[in-house]
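Asker: Please find run38.pdb (PDB, C-alpha atoms) on the next line:
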ATOM      1  CA  MET C   1      12.273  15.674  -7.426
ATOM      2  CA  LYS C   2       9.406  13.364  -6.357
ATOM      3  CA  ILE C   3      10.058  14.143  -2.683
ATOM      4  CA  LYS C   4       9.995  17.908  -3.308
ATOM      5  CA  ASN C   5       6.870  17.727  -5.469
ATOM      6  CA  THR C   6       5.018  15.617  -2.922
ATOM      7  CA  PHE C   7       6.136  17.103   0.391
ATOM      8  CA  GLY C   8       7.111  20.648  -0.594
ATOM      9  CA  HIS C   9       9.341  22.590   1.816
ATOM     10  CA  GLU C  10       9.390  19.786   4.382
ATOM     11  CA  GLY C  11      10.581  17.347   1.727
ATOM     12  CA  ALA C  12      13.281  19.720   0.506
ATOM     13  CA  LEU C  13      14.543  20.224   4.057
ATOM     14  CA  TRP C  14      14.558  16.467   4.658
ATOM     15  CA  LEU C  15      16.656  15.916   1.517
ATOM     16  CA  THR C  16      19.119  18.599   2.627
ATOM     17  CA  ASN C  17      19.630  16.871   5.991
ATOM     18  CA  LEU C  18      19.439  13.286   4.745
ATOM     19  CA  GLN C  19      23.178  12.543   4.518
ATOM     20  CA  GLU C  20      23.861  13.815   8.029
ATOM     21  CA  LEU C  21      20.841  11.932   9.349
ATOM     22  CA  LEU C  22      21.930   8.744   7.608
ATOM     23  CA  GLU C  23      25.439   8.896   9.051
ATOM     24  CA  SER C  24      24.057   9.524  12.535
ATOM     25  CA  VAL C  25      21.747   6.484  12.422
ATOM     26  CA  LEU C  26      24.437   4.205  10.972
ATOM     27  CA  HIS C  27      26.809   5.230  13.752
ATOM     28  CA  LYS C  28      24.189   4.809  16.473
ATOM     29  CA  TRP C  29      23.307   1.285  15.368
ATOM     30  CA  GLN C  30      26.859   0.380  14.316
ATOM     31  CA  MET C  31      25.821  -0.496  10.805
ATOM     32  CA  THR C  32      27.792  -0.397   7.562
ATOM     33  CA  MET C  33      26.180   0.952   4.424
ATOM     34  CA  ILE C  34      25.907  -1.482   1.520
ATOM     35  CA  GLY C  35      23.845   0.771  -0.738
ATOM     36  CA  PRO C  36      20.369   2.138  -1.434
ATOM     37  CA  VAL C  37      17.733  -0.178  -2.868
ATOM     38  CA  LYS C  38      16.512   0.300  -6.430
ATOM     39  CA  ASN C  39      13.452   2.366  -7.268
ATOM     40  CA  LEU C  40      13.408   4.669  -4.249
ATOM     41  CA  SER C  41      10.124   6.560  -3.944
ATOM     42  CA  TYR C  42       8.872   8.418  -0.867
ATOM     43  CA  ASN C  43      11.371   7.189   1.737
ATOM     44  CA  TYR C  44      15.081   6.484   1.854
ATOM     45  CA  VAL C  45      15.677   2.720   1.953
ATOM     46  CA  ALA C  46      19.109   1.088   1.999
ATOM     47  CA  LYS C  47      20.787  -2.264   2.525
ATOM     48  CA  VAL C  48      23.081  -2.256   5.565
ATOM     49  CA  ALA C  49      25.012  -4.828   7.582
ATOM     50  CA  ASP C  50      26.052  -5.198  11.201
ATOM     51  CA  SER C  51      29.594  -5.890  12.457
ATOM     52  CA  ASN C  52      29.140  -9.610  11.755
ATOM     53  CA  GLY C  53      28.041  -8.971   8.187
ATOM     54  CA  LYS C  54      24.377  -9.829   8.826
ATOM     55  CA  PRO C  55      22.197  -7.862   6.367
ATOM     56  CA  TYR C  56      19.318  -5.586   7.304
ATOM     57  CA  ILE C  57      17.184  -2.920   5.680
ATOM     58  CA  LEU C  58      17.400   0.673   6.910
ATOM     59  CA  LYS C  59      14.409   2.903   6.218
ATOM     60  CA  ILE C  60      14.213   6.631   6.939
ATOM     61  CA  GLY C  61      10.888   8.411   6.481
ATOM     62  CA  VAL C  62       9.968  11.952   5.524
ATOM     63  CA  LEU C  63       6.759  12.564   7.472
ATOM     64  CA  ARG C  64       6.417  11.823  11.189
ATOM     65  CA  ASN C  65       2.780  10.701  11.053
ATOM     66  CA  GLU C  66       3.445   8.223   8.238
ATOM     67  CA  PHE C  67       6.490   6.894  10.094
ATOM     68  CA  GLU C  68       4.433   6.406  13.259
ATOM     69  CA  ASN C  69       1.601   4.654  11.386
ATOM     70  CA  GLU C  70       4.024   2.211   9.784
ATOM     71  CA  LEU C  71       5.869   1.678  13.064
ATOM     72  CA  GLN C  72       2.672   0.834  14.959
ATOM     73  CA  THR C  73       1.576  -1.529  12.200
ATOM     74  CA  LEU C  74       4.916  -3.353  12.147
ATOM     75  CA  GLN C  75       4.758  -3.710  15.920
ATOM     76  CA  ALA C  76       1.261  -5.202  15.639
ATOM     77  CA  TYR C  77       2.399  -7.674  12.958
ATOM     78  CA  ALA C  78       5.381  -8.695  15.116
ATOM     79  CA  GLY C  79       7.161 -10.350  12.191
ATOM     80  CA  LYS C  80       4.258 -12.698  11.376
ATOM     81  CA  GLY C  81       3.319 -12.406   7.731
ATOM     82  CA  CYS C  82       5.428  -9.265   7.442
ATOM     83  CA  ALA C  83       9.129  -8.405   7.506
ATOM     84  CA  ALA C  84      10.069  -7.875  11.156
ATOM     85  CA  LEU C  85      10.931  -4.584  12.805
ATOM     86  CA  ILE C  86      14.324  -4.909  14.532
ATOM     87  CA  LYS C  87      14.938  -1.414  15.922
ATOM     88  CA  GLN C  88      13.420   2.032  15.628
ATOM     89  CA  ASP C  89      14.564   5.592  16.224
ATOM     90  CA  ALA C  90      11.473   7.789  16.402
ATOM     91  CA  ALA C  91      13.432  11.033  16.683
ATOM     92  CA  ASN C  92      15.106  10.398  13.329
ATOM     93  CA  ARG C  93      12.154   8.528  11.776
ATOM     94  CA  ALA C  94      14.419   5.542  11.172
ATOM     95  CA  MET C  95      13.686   1.816  11.225
ATOM     96  CA  LEU C  96      15.941  -1.201  11.040
ATOM     97  CA  LEU C  97      14.065  -4.036   9.353
ATOM     98  CA  GLU C  98      14.519  -7.697   8.566
ATOM     99  CA  HIS C  99      16.167  -8.131   5.167
ATOM    100  CA  VAL C 100      13.923 -10.476   3.177
ATOM    101  CA  ILE C 101      16.261 -12.814   1.247
ATOM    102  CA  PRO C 102      16.239 -13.505  -1.656
ATOM    103  CA  GLY C 103      13.467 -10.904  -1.830
ATOM    104  CA  LYS C 104      11.788 -12.063  -5.019
ATOM    105  CA  MET C 105       8.672  -9.970  -5.669
ATOM    106  CA  LEU C 106       5.284 -11.561  -6.192
ATOM    107  CA  SER C 107       5.129  -9.609  -9.464
ATOM    108  CA  GLU C 108       7.883 -11.856 -10.848
ATOM    109  CA  ILE C 109       5.532 -14.858 -10.963
ATOM    110  CA  GLU C 110       3.509 -15.127 -14.169
ATOM    111  CA  ASP C 111       0.921 -17.756 -13.242
ATOM    112  CA  GLU C 112      -2.040 -15.748 -11.939
ATOM    113  CA  THR C 113      -3.448 -18.603  -9.872
ATOM    114  CA  VAL C 114      -0.107 -19.109  -8.103
ATOM    115  CA  VAL C 115       0.123 -15.363  -7.475
ATOM    116  CA  MET C 116      -3.370 -15.404  -5.980
ATOM    117  CA  GLU C 117      -2.519 -18.297  -3.694
ATOM    118  CA  HIS C 118       0.528 -16.557  -2.219
ATOM    119  CA  TYR C 119      -1.244 -13.215  -1.984
ATOM    120  CA  LEU C 120      -4.241 -14.609  -0.117
ATOM    121  CA  ASN C 121      -1.988 -16.484   2.314
ATOM    122  CA  VAL C 122      -0.187 -13.236   3.197
ATOM    123  CA  TRP C 123      -3.445 -11.267   3.344
ATOM    124  CA  LYS C 124      -4.894 -13.741   5.841
ATOM    125  CA  GLU C 125      -1.697 -13.916   7.888
ATOM    126  CA  ILE C 126      -1.601 -10.180   8.580
ATOM    127  CA  ARG C 127      -5.203  -9.724   9.732
ATOM    128  CA  ARG C 128      -5.127  -7.921  13.088
ATOM    129  CA  PRO C 129      -7.954  -6.585  15.295
ATOM    130  CA  LEU C 130      -8.657  -2.917  15.855
ATOM    131  CA  GLU C 131      -6.239  -1.298  18.292
ATOM    132  CA  GLU C 132      -6.650   2.162  19.816
ATOM    133  CA  ASN C 133      -3.118   3.323  19.097
ATOM    134  CA  GLY C 134      -3.659   6.493  17.106
ATOM    135  CA  THR C 135      -3.658   4.787  13.704
ATOM    136  CA  PRO C 136      -5.842   6.874  11.350
ATOM    137  CA  ALA C 137      -9.260   5.721  10.210
ATOM    138  CA  ILE C 138      -9.763   5.095   6.518
ATOM    139  CA  ALA C 139     -12.422   7.814   6.524
ATOM    140  CA  GLU C 140      -9.534  10.278   6.840
ATOM    141  CA  TRP C 141      -8.055   8.900   3.622
ATOM    142  CA  PHE C 142     -11.362   9.426   1.851
ATOM    143  CA  GLN C 143     -11.226  13.128   2.550
ATOM    144  CA  GLY C 144      -9.028  12.970  -0.563
ATOM    145  CA  LEU C 145     -12.208  12.855  -2.671
ATOM    146  CA  LYS C 146     -13.357  16.176  -1.245
ATOM    147  CA  LYS C 147      -9.879  17.591  -1.787
ATOM    148  CA  TYR C 148     -10.097  16.546  -5.438
ATOM    149  CA  LEU C 149     -13.379  18.474  -5.771
ATOM    150  CA  ARG C 150     -11.777  21.541  -4.206
ATOM    151  CA  ASN C 151      -8.923  21.284  -6.702
ATOM    152  CA  PHE C 152     -11.445  21.265  -9.578
ATOM    153  CA  PRO C 153     -14.278  23.477  -8.289
ATOM    154  CA  ASN C 154     -15.710  23.970 -11.771
ATOM    155  CA  GLY C 155     -16.109  20.251 -12.365
ATOM    156  CA  ASP C 156     -13.460  20.310 -15.087
ATOM    157  CA  GLY C 157     -11.149  17.670 -13.637
ATOM    158  CA  PRO C 158     -10.217  14.478 -15.509
ATOM    159  CA  ILE C 159     -12.610  12.514 -13.268
ATOM    160  CA  SER C 160     -16.188  13.775 -13.353
ATOM    161  CA  ASN C 161     -18.062  14.983 -10.277
ATOM    162  CA  LYS C 162     -20.611  12.245 -10.952
ATOM    163  CA  SER C 163     -17.865   9.646 -10.634
ATOM    164  CA  ILE C 164     -16.679  11.185  -7.370
ATOM    165  CA  ASP C 165     -20.266  11.016  -6.101
ATOM    166  CA  LEU C 166     -20.377   7.317  -7.027
ATOM    167  CA  ALA C 167     -17.136   6.706  -5.124
ATOM    168  CA  GLU C 168     -18.508   8.468  -2.041
ATOM    169  CA  GLU C 169     -21.774   6.521  -2.235
ATOM    170  CA  SER C 170     -19.820   3.269  -2.586
ATOM    171  CA  PHE C 171     -17.634   4.153   0.392
ATOM    172  CA  ASP C 172     -20.695   4.980   2.495
ATOM    173  CA  TYR C 173     -22.305   1.662   1.545
ATOM    174  CA  VAL C 174     -19.265  -0.328   2.668
ATOM    175  CA  MET C 175     -19.042   1.624   5.916
ATOM    176  CA  ASP C 176     -22.776   1.278   6.625
ATOM    177  CA  THR C 177     -22.680  -2.499   6.081
ATOM    178  CA  SER C 178     -19.399  -3.091   7.910
ATOM    179  CA  VAL C 179     -19.170  -5.434  10.897
ATOM    180  CA  GLY C 180     -16.284  -3.332  12.220
ATOM    181  CA  GLY C 181     -12.820  -2.069  11.409
ATOM    182  CA  GLU C 182      -9.438  -3.723  11.789
ATOM    183  CA  LEU C 183      -5.817  -2.874  11.166
ATOM    184  CA  LEU C 184      -5.168  -2.711   7.421
ATOM    185  CA  HIS C 185      -1.847  -2.857   5.597
ATOM    186  CA  GLY C 186      -3.114  -0.161   3.257
ATOM    187  CA  ASP C 187      -0.904  -0.955   0.248
ATOM    188  CA  LEU C 188      -0.722  -4.732  -0.084
ATOM    189  CA  HIS C 189       0.136  -5.359  -3.731
ATOM    190  CA  HIS C 190       2.577  -7.490  -5.746
ATOM    191  CA  GLU C 191       5.700  -5.364  -5.175
ATOM    192  CA  ASN C 192       5.059  -5.245  -1.431
ATOM    193  CA  ILE C 193       5.076  -9.023  -1.058
ATOM    194  CA  LEU C 194       8.537 -10.628  -1.115
ATOM    195  CA  PHE C 195       9.804 -14.184  -0.792
ATOM    196  CA  SER C 196      11.915 -15.159   2.196
ATOM    197  CA  LYS C 197      13.823 -18.439   2.029
ATOM    198  CA  GLU C 198      13.324 -18.839   5.767
ATOM    199  CA  LYS C 199       9.742 -17.605   6.253
ATOM    200  CA  GLY C 200       7.999 -17.809   2.888
ATOM    201  CA  TRP C 201       6.097 -14.872   1.381
ATOM    202  CA  LEU C 202       6.056 -11.714   3.515
ATOM    203  CA  ALA C 203       4.507  -8.269   3.313
ATOM    204  CA  ILE C 204       6.610  -5.117   3.492
ATOM    205  CA  ASP C 205       5.941  -1.360   3.692
ATOM    206  CA  PRO C 206       2.574  -1.206   5.480
ATOM    207  CA  LYS C 207       0.843   2.170   5.531
ATOM    208  CA  GLY C 208      -1.255   1.399   8.596
ATOM    209  CA  VAL C 209      -4.914   2.455   8.603
ATOM    210  CA  ILE C 210      -8.058   1.320  10.387
ATOM    211  CA  GLY C 211     -10.969   0.226   8.228
ATOM    212  CA  ASP C 212     -13.127  -2.522   6.783
ATOM    213  CA  ARG C 213     -11.040  -5.459   5.559
ATOM    214  CA  TYR C 214     -12.561  -5.253   2.078
ATOM    215  CA  PHE C 215     -10.583  -2.069   1.429
ATOM    216  CA  ASP C 216      -7.324  -3.966   1.988
ATOM    217  CA  LEU C 217      -7.848  -5.998  -1.184
ATOM    218  CA  VAL C 218      -8.043  -3.192  -3.727
ATOM    219  CA  SER C 219      -4.338  -2.323  -4.106
ATOM    220  CA  PHE C 220      -3.709  -5.873  -5.301
ATOM    221  CA  LEU C 221      -6.739  -6.003  -7.593
ATOM    222  CA  ILE C 222      -5.679  -2.977  -9.668
ATOM    223  CA  ASN C 223      -1.931  -3.717  -9.694
ATOM    224  CA  GLN C 224       0.156  -5.523 -12.349
ATOM    225  CA  LEU C 225      -2.790  -5.624 -14.683
ATOM    226  CA  HIS C 226      -2.491  -3.422 -17.763
ATOM    227  CA  SER C 227       0.612  -5.101 -19.180
ATOM    228  CA  LYS C 228      -1.426  -8.286 -19.580
ATOM    229  CA  ALA C 229      -3.179  -9.269 -22.794
ATOM    230  CA  TYR C 230      -6.692  -9.321 -21.297
ATOM    231  CA  PRO C 231      -6.633  -7.051 -18.242
ATOM    232  CA  LYS C 232     -10.391  -6.874 -17.692
ATOM    233  CA  GLU C 233     -10.671 -10.658 -17.726
ATOM    234  CA  ILE C 234      -7.751 -10.977 -15.297
ATOM    235  CA  LEU C 235      -9.373  -8.429 -12.989
ATOM    236  CA  LYS C 236     -12.623 -10.396 -13.016
ATOM    237  CA  LEU C 237     -10.694 -13.586 -12.258
ATOM    238  CA  ARG C 238      -9.065 -11.896  -9.260
ATOM    239  CA  VAL C 239     -12.415 -10.680  -7.940
ATOM    240  CA  ASP C 240     -13.973 -14.126  -8.370
ATOM    241  CA  ILE C 241     -11.107 -15.996  -6.696
ATOM    242  CA  ILE C 242     -10.926 -13.572  -3.775
ATOM    243  CA  CYS C 243     -14.660 -13.773  -3.134
ATOM    244  CA  GLU C 244     -14.643 -17.561  -3.381
ATOM    245  CA  GLN C 245     -11.547 -18.178  -1.263
ATOM    246  CA  LEU C 246     -12.320 -15.596   1.432
ATOM    247  CA  LYS C 247     -16.118 -16.090   1.374
ATOM    248  CA  LEU C 248     -16.695 -12.383   0.767
ATOM    249  CA  ASP C 249     -19.756 -10.500  -0.472
ATOM    250  CA  ARG C 250     -19.025  -9.724  -4.130
ATOM    251  CA  ASN C 251     -21.115  -6.549  -4.210
ATOM    252  CA  ARG C 252     -19.368  -5.150  -1.125
ATOM    253  CA  LEU C 253     -15.959  -5.905  -2.616
ATOM    254  CA  LEU C 254     -16.842  -4.212  -5.905
ATOM    255  CA  LYS C 255     -18.166  -1.134  -4.110
ATOM    256  CA  ALA C 256     -15.049  -0.999  -1.938
ATOM    257  CA  ALA C 257     -13.005  -1.280  -5.133
ATOM    258  CA  ILE C 258     -14.919   1.543  -6.856
ATOM    259  CA  ALA C 259     -14.371   3.774  -3.830
ATOM    260  CA  MET C 260     -10.725   2.926  -3.251
ATOM    261  CA  GLY C 261      -9.869   2.834  -6.947
ATOM    262  CA  THR C 262     -11.314   6.309  -7.473
ATOM    263  CA  LEU C 263      -9.440   7.651  -4.450
ATOM    264  CA  SER C 264      -6.179   6.129  -5.752
ATOM    265  CA  ALA C 265      -6.752   7.761  -9.139
ATOM    266  CA  CYS C 266      -7.357  11.127  -7.435
ATOM    267  CA  TRP C 267      -4.117  10.755  -5.486
ATOM    268  CA  SER C 268      -2.261   9.985  -8.718
ATOM    269  CA  ILE C 269      -3.727  13.035 -10.434
ATOM    270  CA  GLU C 270      -2.663  15.200  -7.502
ATOM    271  CA  GLY C 271       0.861  13.755  -7.744
ATOM    272  CA  ASN C 272       1.015  14.232 -11.539
ATOM    273  CA  ASP C 273       1.207  10.480 -12.056
ATOM    274  CA  SER C 274      -0.068   9.545 -15.507
ATOM    275  CA  ASN C 275      -0.898   6.032 -14.285
ATOM    276  CA  TRP C 276      -4.177   7.399 -12.883
ATOM    277  CA  GLU C 277      -5.859   6.494 -16.167
ATOM    278  CA  ASN C 278      -5.119   2.793 -15.779
ATOM    279  CA  THR C 279      -6.318   2.881 -12.188
ATOM    280  CA  TYR C 280      -9.502   4.652 -13.144
ATOM    281  CA  ARG C 281     -10.110   2.265 -16.032
ATOM    282  CA  CYS C 282     -10.370  -0.461 -13.389
ATOM    283  CA  VAL C 283     -13.082   1.540 -11.627
ATOM    284  CA  GLY C 284     -15.165   1.372 -14.794
ATOM    285  CA  TRP C 285     -14.655  -2.373 -14.970
ATOM    286  CA  PHE C 286     -15.689  -2.792 -11.339
ATOM    287  CA  ALA C 287     -18.892  -0.913 -12.169
ATOM    288  CA  ASP C 288     -19.455  -3.241 -15.138
ATOM    289  CA  PHE C 289     -19.046  -6.294 -12.908
ATOM    290  CA  LEU C 290     -21.696  -4.892 -10.566
ATOM    291  CA  GLN C 291     -24.189  -4.925 -13.431
ATOM    292  CA  GLU C 292     -23.575  -8.565 -14.335
TER
END
Please lay out the structure from this file as structure tokens.
Answerer:
Amino acid sequence: MKIKNTFGHEGALWLTNLQELLESVLHKWQMTMIGPVKNLSYNYVAKVADSNGKPYILKIGVLRNEFENELQTLQAYAGKGCAALIKQDAANRAMLLEHVIPGKMLSEIEDETVVMEHYLNVWKEIRRPLEENGTPAIAEWFQGLKKYLRNFPNGDGPISNKSIDLAEESFDYVMDTSVGGELLHGDLHHENILFSKEKGWLAIDPKGVIGDRYFDLVSFLINQLHSKAYPKEILKLRVDIICEQLKLDRNRLLKAAIAMGTLSACWSIEGNDSNWENTYRCVGWFADFLQE
């Protein structure tokens, strides 16, 4: 249902052809199906094994542009700081990826300072310079704010027009003060960082976008927060540690977070995801921190 709601006719057609597509890719790469991973979302992801029993991850995407963005990003990472790309089949939007074992998620660690340490190590490991390879600019993502306004032309949306204006102003500030763009993961949060016994903590599932590095910190900041006893205090701790450890400008980070947090909330509203309220609550806290 999520695929159909998000991608419409194209998603429905992809679901109809998925079994045939899956069998074709397994045959081509001589892989045996073990089974789909838990919590599938916008792609089909499964555990597979080769003829020697070595495990891999098979991923099949819905949209060609998103597949190509992820593919280019994985190629740029080249297995350093991120699960490695083994093979790809562009025609079928399929990837064979390194299986991160045991695959413990960063979200399974409770000590916030330990989580921060591992996160920052991965974040630093996957920094890559700007490459002219067709990867979209983050400004394209931020067209989502204008789309939100078109969806609520009377200003009656759950997020006020004034708040959208603040997000756009914050985005413009970060862009105007940027020293240049680089390749961003685009979705580097707790569930997209897994532990490998052989290689340590690794990123998975990059979106691939070009932009200021400050934007690549926001997915983590607003994630795994609202189940905690004092979420605002934890968020402030994350901001403080990130700025201290990475020697970042706190105001720039908070403005990037206001912009990106608002955009994420707009995306959630568009996808009928009730979690938008928690995301947007963080935006208010970022604004509070700016006033301190």
Asker: When distances are computed from all atoms listed in the file, which of C:Ile193, C:Ala139, C:Leu120, C:Leu263 shows the smallest separation from C:Trp276?
Answerer: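 When distances to C:Trp276 are compared using all atoms listed in the file, the smallest one comes from C:Leu263.
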Asker: Counting all atoms listed in the file, give me one row per residue of stretch 141-243 of chain C with an atom at most 7 Å from an atom of stretch 80-104 of chain C, showing the shortest contact pair and its distance in Å to one decimal, sorted by chain then residue number, as a Markdown table.
Answerer:
| residue | atom | partner | partner_atom | distance |
| --- | --- | --- | --- | --- |
| C:Leu194 | CA | C:Gly103 | CA | 5.0 |
| C:Phe195 | CA | C:Gly103 | CA | 5.0 |
| C:Ser196 | CA | C:Ile101 | CA | 5.0 |
| C:Lys197 | CA | C:Ile101 | CA | 6.2 |
| C:Leu202 | CA | C:Cys82 | CA | 4.7 |
| C:Ala203 | CA | C:Cys82 | CA | 4.3 |
| C:Ile204 | CA | C:Ala83 | CA | 5.8 |
Asker: Taking the file as I've supplied it (selection: the PyMOL selection byres ((chain C and resi 234) around 12)), which residues are included? Please answer as JSON, numbers by chain.
Answerer: {"C": [111, 112, 113, 115, 116, 220, 221, 222, 223, 224, 225, 226, 227, 228, 229, 230, 231, 232, 233, 235, 236, 237, 238, 239, 240, 241, 282, 285]}
Asker: Can those selected residues be exported to a file as a short mmCIF file (atom, residue, chain, number, x, y, z; two decimals), in the frame of the given file so that it contains C-alpha atoms?
Answerer:
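Contents of again_29.cif, as written:
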data_model
loop_
_atom_site.label_atom_id
_atom_site.label_comp_id
_atom_site.auth_asym_id
_atom_site.auth_seq_id
_atom_site.Cartn_x
_atom_site.Cartn_y
_atom_site.Cartn_z
CA ASP C 111 0.92 -17.76 -13.24
CA GLU C 112 -2.04 -15.75 -11.94
CA THR C 113 -3.45 -18.60 -9.87
CA VAL C 115 0.12 -15.36 -7.48
CA MET C 116 -3.37 -15.40 -5.98
CA PHE C 220 -3.71 -5.87 -5.30
CA LEU C 221 -6.74 -6.00 -7.59
CA ILE C 222 -5.68 -2.98 -9.67
CA ASN C 223 -1.93 -3.72 -9.69
CA GLN C 224 0.16 -5.52 -12.35
CA LEU C 225 -2.79 -5.62 -14.68
CA HIS C 226 -2.49 -3.42 -17.76
CA SER C 227 0.61 -5.10 -19.18
CA LYS C 228 -1.43 -8.29 -19.58
CA ALA C 229 -3.18 -9.27 -22.79
CA TYR C 230 -6.69 -9.32 -21.30
CA PRO C 231 -6.63 -7.05 -18.24
CA LYS C 232 -10.39 -6.87 -17.69
CA GLU C 233 -10.67 -10.66 -17.73
CA LEU C 235 -9.37 -8.43 -12.99
CA LYS C 236 -12.62 -10.40 -13.02
CA LEU C 237 -10.69 -13.59 -12.26
CA ARG C 238 -9.06 -11.90 -9.26
CA VAL C 239 -12.42 -10.68 -7.94
CA ASP C 240 -13.97 -14.13 -8.37
CA ILE C 241 -11.11 -16.00 -6.70
CA CYS C 282 -10.37 -0.46 -13.39
CA TRP C 285 -14.66 -2.37 -14.97
#
Asker: Residues picked by the PyMOL selection byres ((chain C and resi 269) around 12) here, as a tab-separated table (two decimals) with C-alpha atoms, in the coordinates of the input?
Answerer:
chain	number	residue	atom	x	y	z
C	6	THR	CA	5.02	15.62	-2.92
C	144	GLY	CA	-9.03	12.97	-0.56
C	145	LEU	CA	-12.21	12.86	-2.67
C	147	LYS	CA	-9.88	17.59	-1.79
C	148	TYR	CA	-10.10	16.55	-5.44
C	151	ASN	CA	-8.92	21.28	-6.70
C	152	PHE	CA	-11.44	21.26	-9.58
C	157	GLY	CA	-11.15	17.67	-13.64
C	158	PRO	CA	-10.22	14.48	-15.51
C	159	ILE	CA	-12.61	12.51	-13.27
C	262	THR	CA	-11.31	6.31	-7.47
C	263	LEU	CA	-9.44	7.65	-4.45
C	264	SER	CA	-6.18	6.13	-5.75
C	265	ALA	CA	-6.75	7.76	-9.14
C	266	CYS	CA	-7.36	11.13	-7.44
C	267	TRP	CA	-4.12	10.76	-5.49
C	268	SER	CA	-2.26	9.98	-8.72
C	270	GLU	CA	-2.66	15.20	-7.50
C	271	GLY	CA	0.86	13.76	-7.74
C	272	ASN	CA	1.01	14.23	-11.54
C	273	ASP	CA	1.21	10.48	-12.06
C	274	SER	CA	-0.07	9.54	-15.51
C	275	ASN	CA	-0.90	6.03	-14.28
C	276	TRP	CA	-4.18	7.40	-12.88
C	277	GLU	CA	-5.86	6.49	-16.17
C	278	ASN	CA	-5.12	2.79	-15.78
C	279	THR	CA	-6.32	2.88	-12.19
C	280	TYR	CA	-9.50	4.65	-13.14
Asker: Taking (-0.7, 6.6, 18.2) in the coordinates of the supplied file, I want to know which residues reach to within 12 Å of it, counting all atoms listed in the file; could you give the answer as a list of chain:residue names?
Answerer: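 Collected hits near the coordinates: C:Arg64, C:Asn65, C:Glu66, C:Phe67, C:Glu68, C:Asn69, C:Glu70, C:Leu71, C:Gln72, C:Thr73, C:Gln75, C:Glu131, C:Glu132, C:Asn133, C:Gly134, C:Thr135, C:Pro136, C:Ala137, C:Gly208, C:Val209, C:Ile210.
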Asker: Output the residue selection produced by the PyMOL selection byres ((chain C and resi 48) around 9) on the file above, formatted as a short mmCIF file (atom, residue, chain, number, x, y, z; two decimals) with C-alpha atoms, keeping the file's coordinate frame.
Answerer:
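Output contents, as saved in result.cif:
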data_model
loop_
_atom_site.label_atom_id
_atom_site.label_comp_id
_atom_site.auth_asym_id
_atom_site.auth_seq_id
_atom_site.Cartn_x
_atom_site.Cartn_y
_atom_site.Cartn_z
CA LEU C 26 24.44 4.20 10.97
CA MET C 31 25.82 -0.50 10.80
CA THR C 32 27.79 -0.40 7.56
CA MET C 33 26.18 0.95 4.42
CA ILE C 34 25.91 -1.48 1.52
CA GLY C 35 23.84 0.77 -0.74
CA PRO C 36 20.37 2.14 -1.43
CA ALA C 46 19.11 1.09 2.00
CA LYS C 47 20.79 -2.26 2.52
CA ALA C 49 25.01 -4.83 7.58
CA ASP C 50 26.05 -5.20 11.20
CA GLY C 53 28.04 -8.97 8.19
CA LYS C 54 24.38 -9.83 8.83
CA PRO C 55 22.20 -7.86 6.37
CA TYR C 56 19.32 -5.59 7.30
CA ILE C 57 17.18 -2.92 5.68
CA LEU C 58 17.40 0.67 6.91
#
Asker: Would you please work out which residue, of C:Tyr173, C:Trp123, C:Phe215, C:Tyr44, is nearest to C:Gly261 when using only C-alpha atoms?
Answerer: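 Going through C:Tyr173, C:Trp123, C:Phe215, C:Tyr44 one by one, the smallest distance to C:Gly261 is for C:Phe215.
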Asker: List every protein, DNA or RNA residue that has an atom no more than 6 Å from (12.0, 6.4, 3.7) in the file's coordinate frame, counting all atoms listed in the file, and report them as a list in words.
Answerer: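 With a cut-off of 6 Å, the residues come to Tyr42, Asn43, Tyr44, Val45, Lys59, Ile60 and Gly61 of chain C.
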Asker: Env of C:Val174: 9 Å cut, atoms = all atoms listed in the file, seq-sep filter 5 positions within chain, self excluded. Answer as a list of chain:residue names.
Answerer: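 Listing them by chain and then by number gives C:Glu169, C:Asp212, C:Tyr214, C:Phe215, C:Arg252, C:Leu253, C:Lys255, C:Ala256.
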Asker: Please compute the atom CA of C:Ser163-atom CA of C:Phe289 distance, one decimal, in Å.
Answerer: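 Rounded to one decimal, the two atoms are 16.1 Å apart.
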Asker: Would you place a box with edges along x, y and z of the file around all atoms of stretch 166-170 of chain C listed there, add 5 Å to each of its six sides, and report the centre and edge lengths in Å to one decimal, as lines of an AutoDock Vina configuration file?
Answerer:
center_x = -19.5
center_y = 5.9
center_z = -4.5
size_x = 14.6
size_y = 15.2
size_z = 15.0
Asker: Could you work out how far atom CA of C:Ser219 lies from atom CA of C:Ala12, giving the answer in Å with one decimal?
Answerer: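 Going from atom CA of C:Ala12 over to atom CA of C:Ser219 covers 28.6 Å.
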Asker: May I ask for the distance between atom CA of C:Val179 and atom CA of C:Arg128, given in Å to one decimal place?
Answerer: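 Spanning atom CA of C:Val179 to atom CA of C:Arg128 is a straight-line distance of 14.4 Å.
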Asker: From the options C:Met175, C:Ala167, C:Leu15, C:Ile138, which residue's atoms come nearest to C:Val283, counting only C-alpha atoms?
Answerer: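 When distances to C:Val283 are compared using only C-alpha atoms, the smallest one comes from C:Ala167.
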Asker: Of the candidates C:Met105, C:Asn251, C:Lys162, C:Arg281, which shows the shortest atom-to-atom distance to C:Thr177, using only C-alpha atoms?
Answerer: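 Ranking C:Met105, C:Asn251, C:Lys162, C:Arg281 by distance to C:Thr177, first place goes to C:Asn251.
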